[in-house]
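K.L.:
What follows is the file my_file-v9.txt, containing compact mmCIF, C-alpha atoms and all ligand atoms:
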```txt
# COMPACT_ATOMS: atom_id res chain seq x y z
CA MET A 149 26.97 20.42 28.29
CA VAL A 150 23.88 18.72 26.87
CA ILE A 151 21.38 20.82 24.93
CA LEU A 152 17.96 19.24 25.18
CA ILE A 153 15.73 19.73 22.16
CA SER A 154 11.99 19.95 22.54
CA PHE A 155 10.24 17.25 20.52
CA SER A 156 6.64 17.25 19.30
CA ARG A 157 6.25 13.80 20.90
CA VAL A 158 8.37 11.17 22.60
CA ILE A 159 7.14 7.57 22.56
CA VAL A 160 8.78 5.26 25.09
CA GLY A 161 8.53 1.48 24.92
CA ASN A 162 9.49 -1.60 22.91
CA PHE A 163 9.41 -1.63 19.12
CA TYR A 164 9.93 -3.84 16.09
CA SER A 165 11.32 -2.57 12.77
CA SER A 166 12.83 -4.36 9.78
CA HIS A 167 16.61 -4.50 9.86
CA SER A 168 16.73 -6.12 6.42
CA TYR A 169 14.55 -8.32 4.20
CA ASP A 170 15.46 -11.31 6.35
CA ARG A 171 15.66 -9.81 9.81
CA VAL A 172 13.47 -7.78 12.14
CA SER A 173 15.12 -5.99 15.03
CA TYR A 174 13.54 -5.76 18.45
CA ASN A 175 14.37 -2.69 20.51
CA ALA A 176 13.42 -2.71 24.17
CA ASP A 177 12.89 0.36 26.36
CA SER A 178 13.62 2.95 23.71
CA ALA A 179 12.63 6.60 23.44
CA VAL A 180 11.49 7.45 19.91
CA CYS A 181 11.73 11.24 19.55
CA ILE A 182 9.60 12.94 16.88
CA ASP A 183 10.42 16.42 15.60
CA HIS A 184 7.95 19.18 14.76
CA THR A 185 7.71 18.16 11.08
CA GLY A 186 6.56 14.65 12.05
CA MET A 187 9.83 12.82 11.41
CA ILE A 188 11.79 10.62 13.78
CA GLN A 189 14.72 12.73 14.91
CA GLN A 190 16.49 10.33 17.22
CA ILE A 191 16.03 7.10 19.11
CA LEU A 192 17.60 6.69 22.52
CA SER A 193 18.19 3.50 24.43
CA LYS A 194 17.70 3.35 28.17
CA THR A 195 21.46 3.49 28.72
CA ASP A 196 21.83 6.81 26.90
CA PRO A 197 22.83 9.56 29.37
CA ASN A 198 20.08 11.85 28.00
CA PHE A 199 17.31 9.24 28.23
CA SER A 200 15.84 10.32 31.59
CA LYS A 201 16.13 14.05 30.88
CA ILE A 202 14.36 13.78 27.55
CA ILE A 203 11.53 11.75 29.07
CA GLN A 204 11.20 14.21 31.95
CA THR A 205 11.06 17.20 29.57
CA ALA A 206 8.47 15.49 27.35
CA LYS A 207 6.41 14.60 30.43
CA THR A 208 6.49 18.18 31.72
CA GLU A 209 5.38 19.45 28.29
CA ASP A 210 2.67 16.77 28.07
CA ARG A 211 4.29 15.29 24.97
CA LEU A 212 5.09 11.83 26.34
CA THR A 213 3.46 8.56 25.28
CA PHE A 214 4.50 5.69 27.51
CA LEU A 215 3.71 2.18 26.28
CA ASN A 216 2.48 -0.47 28.71
CA THR A 217 4.48 -3.68 28.99
CA ASN A 218 1.84 -5.53 26.92
CA GLU A 219 2.12 -3.04 24.02
CA VAL A 220 4.59 -2.63 21.18
CA LEU A 221 5.26 0.05 18.60
CA LEU A 222 5.32 -1.03 14.94
CA PRO A 223 5.71 0.95 11.71
CA GLY A 224 2.36 1.71 10.08
CA PHE A 225 1.51 -0.62 7.19
CA ILE A 226 1.49 0.35 3.52
CA ASP A 227 -1.36 -0.92 1.33
CA LEU A 228 0.27 -0.80 -2.09
CA HIS A 229 -2.85 -1.69 -4.09
CA ILE A 230 -6.47 -0.98 -3.18
CA HIS A 231 -9.60 0.04 -5.12
CA ALA A 232 -11.35 2.62 -2.95
CA PRO A 233 -14.74 2.47 -4.74
CA GLN A 234 -14.97 -1.30 -4.28
CA TRP A 235 -15.21 -1.00 -0.48
CA PRO A 236 -19.01 -1.62 -0.44
CA GLN A 237 -18.63 -4.93 -2.29
CA THR A 238 -15.89 -6.26 -0.01
CA GLY A 239 -16.38 -9.96 0.72
CA THR A 240 -18.98 -10.52 -1.98
CA GLY A 241 -19.03 -12.01 -5.47
CA LEU A 242 -15.81 -13.92 -5.06
CA ASP A 243 -17.23 -16.92 -6.87
CA LEU A 244 -16.72 -15.51 -10.38
CA PRO A 245 -13.69 -15.30 -12.73
CA LEU A 246 -12.07 -11.85 -13.03
CA LYS A 247 -13.76 -10.67 -16.24
CA GLU A 248 -17.28 -11.66 -15.12
CA TRP A 249 -16.63 -10.24 -11.64
CA LEU A 250 -15.72 -6.88 -13.18
CA ASN A 251 -18.77 -6.79 -15.46
CA ASP A 252 -21.33 -8.18 -13.00
CA TYR A 253 -20.29 -6.46 -9.78
CA THR A 254 -17.48 -3.97 -10.06
CA PHE A 255 -18.23 -1.72 -13.02
CA PRO A 256 -21.89 -1.15 -11.97
CA LEU A 257 -20.70 -0.23 -8.46
CA GLU A 258 -17.91 2.07 -9.64
CA ALA A 259 -20.36 3.89 -11.93
CA LYS A 260 -22.34 4.95 -8.83
CA TYR A 261 -19.54 7.33 -7.79
CA ALA A 262 -20.95 9.92 -10.18
CA ASN A 263 -23.05 10.62 -7.07
CA HIS A 264 -20.92 12.77 -4.80
CA THR A 265 -22.94 12.06 -1.64
CA PHE A 266 -22.46 8.33 -2.13
CA ALA A 267 -18.71 8.81 -2.66
CA LYS A 268 -18.36 10.90 0.49
CA LYS A 269 -20.17 8.33 2.65
CA VAL A 270 -18.12 5.38 1.37
CA TYR A 271 -14.73 7.12 1.39
CA SER A 272 -15.14 8.48 4.89
CA ASP A 273 -15.85 4.96 6.15
CA LEU A 274 -13.04 3.40 4.09
CA VAL A 275 -10.24 5.76 5.14
CA SER A 276 -11.12 5.59 8.84
CA SER A 277 -11.40 1.78 8.65
CA LEU A 278 -7.99 1.38 7.01
CA LEU A 279 -6.35 3.59 9.64
CA ALA A 280 -8.02 1.53 12.37
CA HIS A 281 -6.36 -1.56 10.82
CA GLY A 282 -2.92 0.08 11.05
CA THR A 283 -2.65 1.16 7.41
CA THR A 284 -0.96 4.56 7.46
CA THR A 285 -0.29 4.77 3.69
CA ALA A 286 -2.62 3.61 0.92
CA VAL A 287 -2.19 3.59 -2.86
CA TYR A 288 -5.72 4.00 -4.18
CA PHE A 289 -7.39 3.38 -7.50
CA GLY A 290 -10.33 5.81 -7.58
CA THR A 291 -12.95 5.86 -10.33
CA MET A 292 -13.30 7.82 -13.58
CA HIS A 293 -15.09 10.64 -11.65
CA VAL A 294 -12.86 13.61 -10.81
CA SER A 295 -15.13 14.94 -8.05
CA ALA A 296 -15.34 11.55 -6.27
CA ASN A 297 -11.54 11.18 -6.42
CA ILE A 298 -11.11 14.65 -4.96
CA GLU A 299 -13.54 13.64 -2.21
CA LEU A 300 -11.31 10.62 -1.46
CA ALA A 301 -8.35 12.98 -1.17
CA ARG A 302 -10.36 15.21 1.16
CA GLN A 303 -11.15 12.25 3.42
CA CYS A 304 -7.46 11.23 3.51
CA LEU A 305 -6.57 14.80 4.55
CA ASN A 306 -9.44 14.89 7.10
CA PHE A 307 -8.40 11.65 8.77
CA GLY A 308 -4.67 12.18 8.25
CA GLN A 309 -3.81 9.19 6.05
CA ARG A 310 -0.85 9.26 3.68
CA ALA A 311 -2.14 8.40 0.20
CA PHE A 312 -1.56 8.22 -3.52
CA ILE A 313 -4.81 8.60 -5.47
CA GLY A 314 -5.40 7.68 -9.09
CA GLN A 315 -7.97 8.97 -11.57
CA VAL A 316 -8.84 5.70 -13.31
CA ALA A 317 -8.42 5.94 -17.09
CA MET A 318 -10.33 3.53 -19.36
CA ASP A 319 -11.49 4.28 -22.90
CA ASN A 320 -11.47 0.98 -24.81
CA PRO A 321 -15.03 0.35 -26.06
CA PHE A 322 -14.32 -3.35 -26.57
CA GLU A 323 -13.42 -4.10 -22.97
CA THR A 324 -15.46 -1.59 -20.93
CA PRO A 325 -19.24 -1.09 -20.66
CA ASP A 326 -21.02 1.87 -22.27
CA TYR A 327 -22.13 3.23 -18.92
CA TYR A 328 -18.64 3.22 -17.38
CA ARG A 329 -16.05 4.41 -19.87
CA ASP A 330 -14.30 7.69 -20.68
CA SER A 331 -16.12 9.08 -23.71
CA SER A 332 -12.88 9.47 -25.70
CA THR A 333 -9.12 9.27 -25.35
CA SER A 334 -8.82 13.04 -25.14
CA SER A 335 -11.54 13.31 -22.47
CA SER A 336 -9.78 10.60 -20.44
CA LEU A 337 -6.45 12.43 -20.62
CA SER A 338 -8.04 15.76 -19.80
CA ALA A 339 -9.86 14.21 -16.80
CA THR A 340 -6.48 13.01 -15.49
CA MET A 341 -5.05 16.51 -16.02
CA THR A 342 -8.02 18.12 -14.26
CA PHE A 343 -7.69 15.69 -11.35
CA ILE A 344 -3.97 16.45 -10.92
CA GLN A 345 -4.70 20.19 -11.01
CA LYS A 346 -7.60 20.06 -8.52
CA LEU A 347 -5.68 17.77 -6.18
CA THR A 348 -2.73 20.15 -6.22
CA GLU A 349 -5.08 23.05 -5.44
CA LEU A 350 -6.53 21.08 -2.52
CA THR A 351 -3.28 19.90 -0.98
CA GLY A 352 -0.84 22.61 -2.04
CA PRO A 353 2.01 21.94 -4.49
CA SER A 354 4.36 20.29 -1.99
CA SER A 355 1.88 18.10 -0.11
CA ARG A 356 3.61 15.40 1.85
CA LEU A 357 0.40 13.53 2.63
CA VAL A 358 -1.71 13.10 -0.51
CA LYS A 359 -0.36 12.86 -4.05
CA PRO A 360 -1.69 11.95 -7.52
CA ILE A 361 -0.67 8.77 -9.36
CA ILE A 362 -1.22 8.06 -13.06
CA THR A 363 -3.69 5.16 -13.35
CA PRO A 364 -4.40 3.27 -16.56
CA ARG A 365 -6.82 0.65 -15.19
CA PHE A 366 -5.07 -2.13 -17.08
CA VAL A 367 -3.99 -2.81 -20.63
CA PRO A 368 -7.33 -4.32 -21.81
CA SER A 369 -9.39 -1.27 -20.80
CA CYS A 370 -7.17 1.27 -22.56
CA THR A 371 -6.62 2.13 -26.24
CA ASP A 372 -3.06 2.49 -27.55
CA ASP A 373 -3.47 6.27 -27.69
CA LEU A 374 -4.55 6.44 -24.07
CA LEU A 375 -1.64 4.28 -22.87
CA GLU A 376 0.75 6.48 -24.82
CA GLY A 377 -0.83 9.70 -23.54
CA LEU A 378 -0.70 8.55 -19.91
CA GLY A 379 2.95 7.56 -20.31
CA LYS A 380 3.70 11.08 -21.57
CA LEU A 381 1.78 12.68 -18.67
CA ALA A 382 3.70 10.59 -16.13
CA HIS A 383 6.99 11.77 -17.62
CA ARG A 384 5.89 15.39 -18.02
CA PHE A 385 4.81 15.74 -14.39
CA ASP A 386 7.31 13.20 -13.00
CA LEU A 387 4.49 11.23 -11.40
CA PRO A 388 4.23 7.67 -10.14
CA ILE A 389 2.15 5.14 -12.11
CA GLN A 390 -0.07 2.27 -10.99
CA THR A 391 -1.71 -0.43 -13.05
CA HIS A 392 -2.37 -4.17 -13.13
CA CYS A 393 0.20 -6.40 -14.77
CA SER A 394 -0.19 -10.06 -15.75
CA GLU A 395 -2.74 -10.53 -12.98
CA SER A 396 -4.52 -13.57 -14.41
CA ILE A 397 -4.25 -15.97 -17.33
CA TRP A 398 -7.03 -14.09 -19.15
CA GLU A 399 -5.36 -10.68 -18.74
CA HIS A 400 -1.92 -12.07 -19.57
CA ASN A 401 -3.20 -13.71 -22.76
CA TYR A 402 -5.15 -10.59 -23.75
CA ALA A 403 -1.91 -8.59 -24.08
CA ILE A 404 -0.32 -11.40 -26.08
CA SER A 405 -3.23 -11.58 -28.51
CA ARG A 406 -3.48 -7.79 -28.99
CA PHE A 407 0.20 -6.84 -28.94
CA HIS A 408 2.09 -10.16 -29.31
CA LYS A 409 3.89 -9.13 -26.11
CA HIS A 410 3.53 -9.61 -22.39
CA ASP A 411 1.93 -6.88 -20.25
CA THR A 412 5.35 -5.78 -18.99
CA ALA A 413 6.67 -5.15 -22.50
CA VAL A 414 3.45 -3.36 -23.49
CA LEU A 415 3.73 -1.01 -20.49
CA ASP A 416 7.38 -0.40 -21.31
CA HIS A 417 6.52 0.36 -24.95
CA PHE A 418 4.10 3.10 -23.83
CA GLY A 419 6.47 4.69 -21.29
CA LEU A 420 4.59 3.24 -18.32
CA LEU A 421 7.34 0.99 -16.94
CA THR A 422 9.36 3.49 -14.91
CA ASP A 423 11.18 3.58 -11.61
CA LYS A 424 7.98 5.06 -10.14
CA ALA A 425 5.63 2.35 -11.45
CA ILE A 426 3.69 0.03 -9.14
CA LEU A 427 2.55 -3.11 -10.96
CA ALA A 428 -0.18 -5.06 -9.20
CA HIS A 429 -0.21 -8.87 -8.94
CA GLY A 430 2.23 -10.26 -11.52
CA THR A 431 1.22 -13.89 -10.95
CA GLN A 432 1.92 -14.76 -14.61
CA LEU A 433 5.28 -12.96 -14.96
CA ASP A 434 8.14 -14.98 -16.43
CA GLU A 435 11.90 -14.54 -16.02
CA THR A 436 12.12 -12.09 -18.96
CA ASP A 437 9.37 -9.93 -17.48
CA LEU A 438 11.03 -9.92 -14.06
CA GLN A 439 14.37 -8.92 -15.55
CA GLN A 440 12.68 -6.10 -17.46
CA ILE A 441 10.91 -4.87 -14.31
CA SER A 442 14.17 -5.07 -12.39
CA ASN A 443 16.03 -3.13 -15.09
CA ALA A 444 13.37 -0.40 -14.98
CA HIS A 445 13.46 -0.29 -11.15
CA ALA A 446 9.67 -0.65 -11.10
CA ALA A 447 7.93 -2.26 -8.10
CA ILE A 448 5.31 -4.96 -7.62
CA ALA A 449 2.26 -4.92 -5.33
CA HIS A 450 1.74 -8.49 -4.12
CA CYS A 451 -1.93 -9.11 -3.27
CA PRO A 452 -1.95 -12.65 -1.87
CA ILE A 453 -5.62 -12.93 -0.87
CA SER A 454 -6.92 -11.54 -4.16
CA ASN A 455 -4.58 -13.82 -6.12
CA ILE A 456 -6.19 -16.89 -4.57
CA TYR A 457 -9.51 -15.85 -6.16
CA PHE A 458 -8.48 -14.14 -9.39
CA GLY A 459 -4.76 -14.62 -10.00
CA ASP A 460 -4.72 -18.18 -11.38
CA GLY A 461 -1.42 -18.62 -9.56
CA ILE A 462 0.76 -17.55 -6.66
CA PHE A 463 3.11 -14.62 -7.10
CA THR A 464 6.57 -15.74 -6.00
CA ALA A 465 7.69 -12.74 -3.96
CA ALA A 466 10.99 -14.41 -3.04
CA ARG A 467 11.88 -14.78 -6.74
CA ALA A 468 11.12 -11.09 -7.38
CA HIS A 469 13.34 -10.25 -4.43
CA ARG A 470 16.16 -12.26 -6.03
CA TYR A 471 15.73 -10.02 -9.08
CA GLN A 472 16.16 -7.07 -6.69
CA ILE A 473 12.64 -5.85 -7.43
CA ASP A 474 10.93 -3.84 -4.68
CA VAL A 475 7.78 -5.63 -3.51
CA GLY A 476 5.06 -4.50 -1.11
CA LEU A 477 1.70 -5.92 -0.07
CA GLY A 478 -1.76 -4.89 -1.23
CA THR A 479 -5.22 -5.81 -0.02
CA ASP A 480 -6.69 -5.31 -3.51
CA ILE A 481 -10.08 -4.52 -2.00
CA ALA A 482 -12.44 -5.92 -3.23
CA GLY A 483 -10.59 -8.70 -5.09
CA GLY A 484 -9.33 -9.40 -1.57
CA PHE A 485 -11.95 -9.63 1.16
CA SER A 486 -10.01 -8.02 4.01
CA PRO A 487 -8.85 -4.43 4.61
CA SER A 488 -6.19 -5.77 6.98
CA LEU A 489 -2.53 -6.01 6.02
CA TYR A 490 -2.21 -8.49 8.90
CA ARG A 491 -4.49 -10.88 6.97
CA ASN A 492 -2.39 -10.32 3.86
CA ILE A 493 0.86 -10.92 5.74
CA GLN A 494 -0.59 -14.24 6.91
CA GLN A 495 -1.80 -15.17 3.42
CA SER A 496 1.51 -14.24 1.79
CA ILE A 497 3.26 -16.71 4.09
CA MET A 498 0.57 -19.40 3.67
CA SER A 499 0.49 -19.08 -0.14
CA SER A 500 4.28 -19.21 -0.36
CA ARG A 501 4.16 -22.56 1.43
CA GLN A 502 2.33 -23.98 -1.59
CA LEU A 503 5.15 -23.05 -4.00
CA PRO A 504 7.74 -25.50 -5.34
CA ASN A 505 11.37 -25.15 -4.23
CA GLN A 506 10.45 -24.35 -0.63
CA SER A 507 13.99 -23.63 0.47
CA GLU A 508 14.16 -20.75 -2.01
CA ASN A 509 10.59 -19.57 -2.24
CA HIS A 510 8.82 -19.67 1.10
CA LEU A 511 8.34 -16.40 2.97
CA THR A 512 9.31 -16.06 6.62
CA THR A 513 7.57 -13.82 9.13
CA ALA A 514 10.45 -11.35 8.76
CA ASN A 515 10.06 -11.31 4.96
CA ALA A 516 6.29 -10.70 5.12
CA PHE A 517 6.67 -7.97 7.77
CA TYR A 518 9.28 -6.29 5.53
CA LEU A 519 6.88 -6.38 2.55
CA ALA A 520 4.05 -4.76 4.57
CA THR A 521 6.30 -2.00 5.87
CA TYR A 522 9.60 -1.03 4.26
CA GLY A 523 9.00 -3.01 1.04
CA GLY A 524 5.92 -0.89 0.32
CA ALA A 525 7.62 2.35 1.36
CA LYS A 526 10.68 1.67 -0.80
CA SER A 527 8.41 0.88 -3.76
CA LEU A 528 6.95 4.38 -3.39
CA GLY A 529 10.23 6.15 -2.64
CA LEU A 530 8.79 7.19 0.74
CA LYS A 531 10.76 7.67 3.95
CA THR A 532 8.46 5.55 6.04
CA GLY A 533 8.04 1.88 6.98
CA LEU A 534 10.99 1.84 9.38
CA ILE A 535 11.38 3.12 12.94
CA LYS A 536 14.61 4.92 12.32
CA PRO A 537 15.87 8.54 12.45
CA GLY A 538 15.10 10.42 9.22
CA TYR A 539 11.86 8.48 8.59
CA TRP A 540 8.26 9.67 9.02
CA ALA A 541 6.71 8.87 12.39
CA ASP A 542 4.00 6.62 10.89
CA PHE A 543 3.24 4.10 13.63
CA GLN A 544 0.76 1.75 15.19
CA ILE A 545 0.70 0.82 18.85
CA VAL A 546 -0.47 -2.77 19.20
CA CYS A 547 -1.49 -4.81 22.24
CA LEU A 548 0.33 -8.14 22.44
CA PRO A 549 -1.86 -11.25 22.28
CA ASP A 550 -3.18 -12.20 25.69
CA HIS A 551 -1.44 -15.49 26.35
CA ASN A 552 -0.17 -17.24 29.44
CA ASP A 553 3.16 -18.28 27.98
CA ARG A 554 5.46 -15.62 26.65
CA PRO A 555 7.06 -16.89 23.42
CA ALA A 556 10.60 -18.18 23.61
CA SER A 557 12.11 -15.32 21.64
CA ASP A 558 11.31 -11.76 20.58
CA ASN A 559 10.88 -12.97 17.00
CA ASN A 560 8.36 -15.59 18.13
CA GLN A 561 6.50 -12.81 19.89
CA LEU A 562 6.33 -10.82 16.64
CA GLU A 563 5.20 -13.93 14.77
CA ARG A 564 2.36 -14.53 17.22
CA LEU A 565 1.40 -10.85 17.04
CA LEU A 566 1.25 -10.87 13.24
CA TYR A 567 -1.04 -13.92 13.26
CA ALA A 568 -3.30 -12.76 16.11
CA THR A 569 -3.76 -9.00 15.71
CA THR A 570 -7.13 -7.59 14.68
CA ALA A 571 -8.23 -3.95 14.53
CA ASN A 572 -9.43 -4.29 18.14
CA ASP A 573 -5.83 -4.86 19.26
CA ILE A 574 -4.55 -1.67 17.59
CA LYS A 575 -4.66 0.91 20.35
CA SER A 576 -3.52 3.96 18.42
CA VAL A 577 -2.15 5.00 15.04
CA TYR A 578 0.12 7.92 14.14
CA VAL A 579 0.86 9.51 10.78
CA ALA A 580 3.70 12.05 10.61
CA GLY A 581 3.72 12.16 14.40
CA GLN A 582 0.01 13.06 14.66
CA GLN A 583 -2.29 10.64 16.42
CA VAL A 584 -5.04 9.77 13.93
CA ILE A 585 -6.69 6.85 15.76
ZN ZN B 1 -6.62 -4.36 -8.51
```
Would you write out, as structure tokens, the structure that this file holds?

P.N.:
Amino acid sequence: MVILISFSRVIVGNFYSSHSYDRVSYNADSAVCIDHTGMIQQILSKTDPNFSKIIQTAKTEDRLTFLNTNEVLLPGFIDLHIHAPQWPQTGTGLDLPLKEWLNDYTFPLEAKYANHTFAKKVYSDLVSSLLAHGTTTAVYFGTMHVSANIELARQCLNFGQRAFIGQVAMDNPFETPDYYRDSSTSSSLSATMTFIQKLTELTGPSSRLVKPIITPRFVPSCTDDLLEGLGKLAHRFDLPIQTHCSESIWEHNYAISRFHKHDTAVLDHFGLLTDKAILAHGTQLDETDLQQISNAHAAIAHCPISNIYFGDGIFTAARAHRYQIDVGLGTDIAGGFSPSLYRNIQQSIMSSRQLPNQSENHLTTANAFYLATYGGAKSLGLKTGLIKPGYWADFQIVCLPDHNDRPASDNNQLERLLYATTANDIKSVYVAGQQVI
């Protein structure tokens, strides 16, 4: 006898999900059953004897979502590197080198988040916009203002976005402006502590949606004592870490001149290269750095649009994959001009076509889709990014491009979708089984 379980939602239709780094699987006419905690409990094919009964029960209970034939279900995307406060400057000032861009545009803007009303207005718009673009998880750099960062967390909770949020730490008087710098190393460390405490009060100690992440801005903006203190905090509270690493020639050479080491070795020295670390960019990493990152089981956030403007090179994601390093994609707002992971999927493929050794180094559609979904999730140790039992029901339902000729294969259909989709084509978005868009 069959015992039918009541699900919080059953979504019936066709879906794509990564099978591996090199392969995406297409599943037609499937019933994706979500339990009451927001996880995928089981997936039934049309030939399963329980298929009709489960759909009928879900329909009776008004818990059924039935996709049209021109719609597909995809995992939600993971933005592994984004600066929340830079949202208002998106698409501007991209004509300057990194250091001037920071001093002329970015630091003056970030300083404005001392104003709570301003922070609330921007963060409300940012979080809702990212969800509308299919981004169900974001790893945010905040600012040095605890109250603004807590407001960002509040907006993620309000809109239902999964997020990691970082209190940005920066105390080096030689590389940060007077008006936007932690007043001392101890005040920077205590601001991070206060942020972790207030965030935990807001979300509860076992929040599954919004979590803190230790955030030294990058090596140049931090003193040795601050880097060391943040490394100790990350270990003490077993927290993830995010920072920039060998993003540009200037940043890469800065670490060499100050420490006679590469960024990777500097981060390792201060306890910041852990299996929970997300290193952004890495365009200047060499083989030794990659081996060190691989040994530490740290991950890399590949930000292909931003790298075109500020990276002085193309990060070779395929090479990092050969080193068995987890890699995800980041928009790097506002170093990148688009909040869309679709645009970054496209750019990751396009940029990889400019690399030498094409047979080894170019990215396929399947590779780029993997980076935007499971690659990002795996980097964060999160059970999301796949449509598979035991994973969070973080989804987007996307309308297929309107086109007379259906592509020759299911993979061609995914390829066309990844190149054509805009926010207007994303019909709905779910996080932990709850519809948020
Ligand atoms: Zn960045």

K.L.:
Show me which residues line ligand ZN 1 (chain B), defined as having an atom within 7 Å of a ligand atom where only C-alpha atoms and all ligand atoms count, and present them as a PyMOL selection string.

P.N.:
chain A and resi 229-231+392+428+480+483

K.L.:
Any idea what's packed within 8 Å of Ala516 in chain A, counting only C-alpha atoms, ignoring anything in its chain fewer than 4 positions away? Could you give it as a PyMOL selection string?

P.N.:
chain A and resi 493-494+496-497+511-512+520

K.L.:
Calculate how many Å separate CA of Gln204 in chain A from CA of Gly224 in chain A, rounding to one decimal.

P.N.:
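Computing it gives 26.7 Å between the two atoms.
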
K.L.:
Rank A:Val160, A:Val546, A:Thr521, A:Trp249 by their smallest atom-to-atom distance to Leu534 in chain A, using only C-alpha atoms, and report the top residue only.

P.N.:
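Once distances to Leu534 in chain A are computed over only C-alpha atoms, the minimum belongs to A:Thr521.
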
K.L.:
Would you mind listing, for every residue of range 496-528 of chain A within 12 Å of range 433-445 of chain A, the two atoms forming the shortest contact and the distance between them in Å to one decimal, using all atoms listed in the file, sorted by chain and ascending residue number, as CSV?

P.N.:
```
residue,atom,partner,partner_atom,distance
A:Lys526,CA,A:His445,CA,10.9
A:Ser527,CA,A:His445,CA,9.0
A:Leu528,CA,A:His445,CA,11.2
```

K.L.:
When you count only C-alpha atoms, which of these residues is closest to Leu530 in chain A: A:Ala311, A:Ala568, A:Met341, A:Ile481?

P.N.:
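Under the stated criterion, the closest residue is A:Ala311.
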
K.L.:
Compare A:Thr254, A:Ser277, A:Gln315, A:Thr351 by their minimum atom-to-atom distance to Thr570 in chain A, counting only C-alpha atoms, and give me the closest one.

P.N.:
A:Ser277

K.L.:
Compare A:Lys424, A:His408, A:Lys359, A:Arg491 by their minimum atom-to-atom distance to Gln390 in chain A, counting only C-alpha atoms, and give me the closest one.

P.N.:
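Smallest distance to Gln390 in chain A is found for A:Lys424.
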
K.L.:
Which residue gives the smallest distance to Asp373 in chain A among A:Ile159, A:Ala317, A:Met292, A:Ala465, with all atoms listed in the file counted?

P.N.:
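Looking only at the distances to Asp373 in chain A, the closest residue turns out to be A:Ala317.
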
K.L.:
Would you mind listing what lies within 8 Å of Leu489 in chain A as an MDAnalysis selection string, with all atoms listed in the file counted and same-chain residues fewer than 6 positions away left out?

P.N.:
chainID A and resid 225:227 281:283 477:479 520

K.L.:
I need the residue nearest Gly308 in chain A from this list: A:Ala296, A:Ala176, A:His469, A:Ser272. Use all atoms listed in the file for the distance.

P.N.:
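Counting all atoms listed in the file, the residue closest to Gly308 in chain A is A:Ser272.
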
K.L.:
To one decimal place, how far is CA of Ile545 in chain A from CA of Asn198 in chain A in Å?

P.N.:
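Answer for the CA of Ile545 in chain A to CA of Asn198 in chain A separation: 24.1 Å.
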
K.L.:
Can you fill out range 550-562 of chain A with N, CA and C atoms and hand it back as a CSV table (one decimal), in the coordinates of the input?

P.N.:
```
chain,number,residue,atom,x,y,z
A,550,ASP,N,-3.0,-11.8,24.3
A,550,ASP,CA,-3.2,-12.2,25.7
A,550,ASP,C,-2.9,-13.7,25.8
A,551,HIS,N,-1.8,-14.1,26.4
A,551,HIS,CA,-1.4,-15.5,26.4
A,551,HIS,C,-0.6,-15.8,27.6
A,552,ASN,N,-0.9,-16.9,28.2
A,552,ASN,CA,-0.2,-17.2,29.4
A,552,ASN,C,1.3,-17.4,29.3
A,553,ASP,N,1.7,-18.0,28.2
A,553,ASP,CA,3.2,-18.3,28.0
A,553,ASP,C,3.8,-17.2,27.0
A,554,ARG,N,4.8,-16.5,27.5
A,554,ARG,CA,5.5,-15.6,26.6
A,554,ARG,C,6.3,-16.4,25.7
A,555,PRO,N,6.3,-16.1,24.4
A,555,PRO,CA,7.1,-16.9,23.4
A,555,PRO,C,8.5,-16.9,23.8
A,556,ALA,N,9.2,-17.9,23.2
A,556,ALA,CA,10.6,-18.2,23.6
A,556,ALA,C,11.5,-17.0,23.2
A,557,SER,N,11.2,-16.4,22.1
A,557,SER,CA,12.1,-15.3,21.6
A,557,SER,C,11.3,-14.1,21.2
A,558,ASP,N,12.0,-13.0,21.0
A,558,ASP,CA,11.3,-11.8,20.6
A,558,ASP,C,10.7,-12.0,19.2
A,559,ASN,N,11.4,-12.7,18.3
A,559,ASN,CA,10.9,-13.0,17.0
A,559,ASN,C,9.6,-13.8,17.0
A,560,ASN,N,9.6,-14.8,18.0
A,560,ASN,CA,8.4,-15.6,18.1
A,560,ASN,C,7.2,-14.7,18.6
A,561,GLN,N,7.5,-13.7,19.4
A,561,GLN,CA,6.5,-12.8,19.9
A,561,GLN,C,5.9,-12.0,18.7
A,562,LEU,N,6.8,-11.5,17.8
A,562,LEU,CA,6.3,-10.8,16.6
A,562,LEU,C,5.5,-11.7,15.8
```
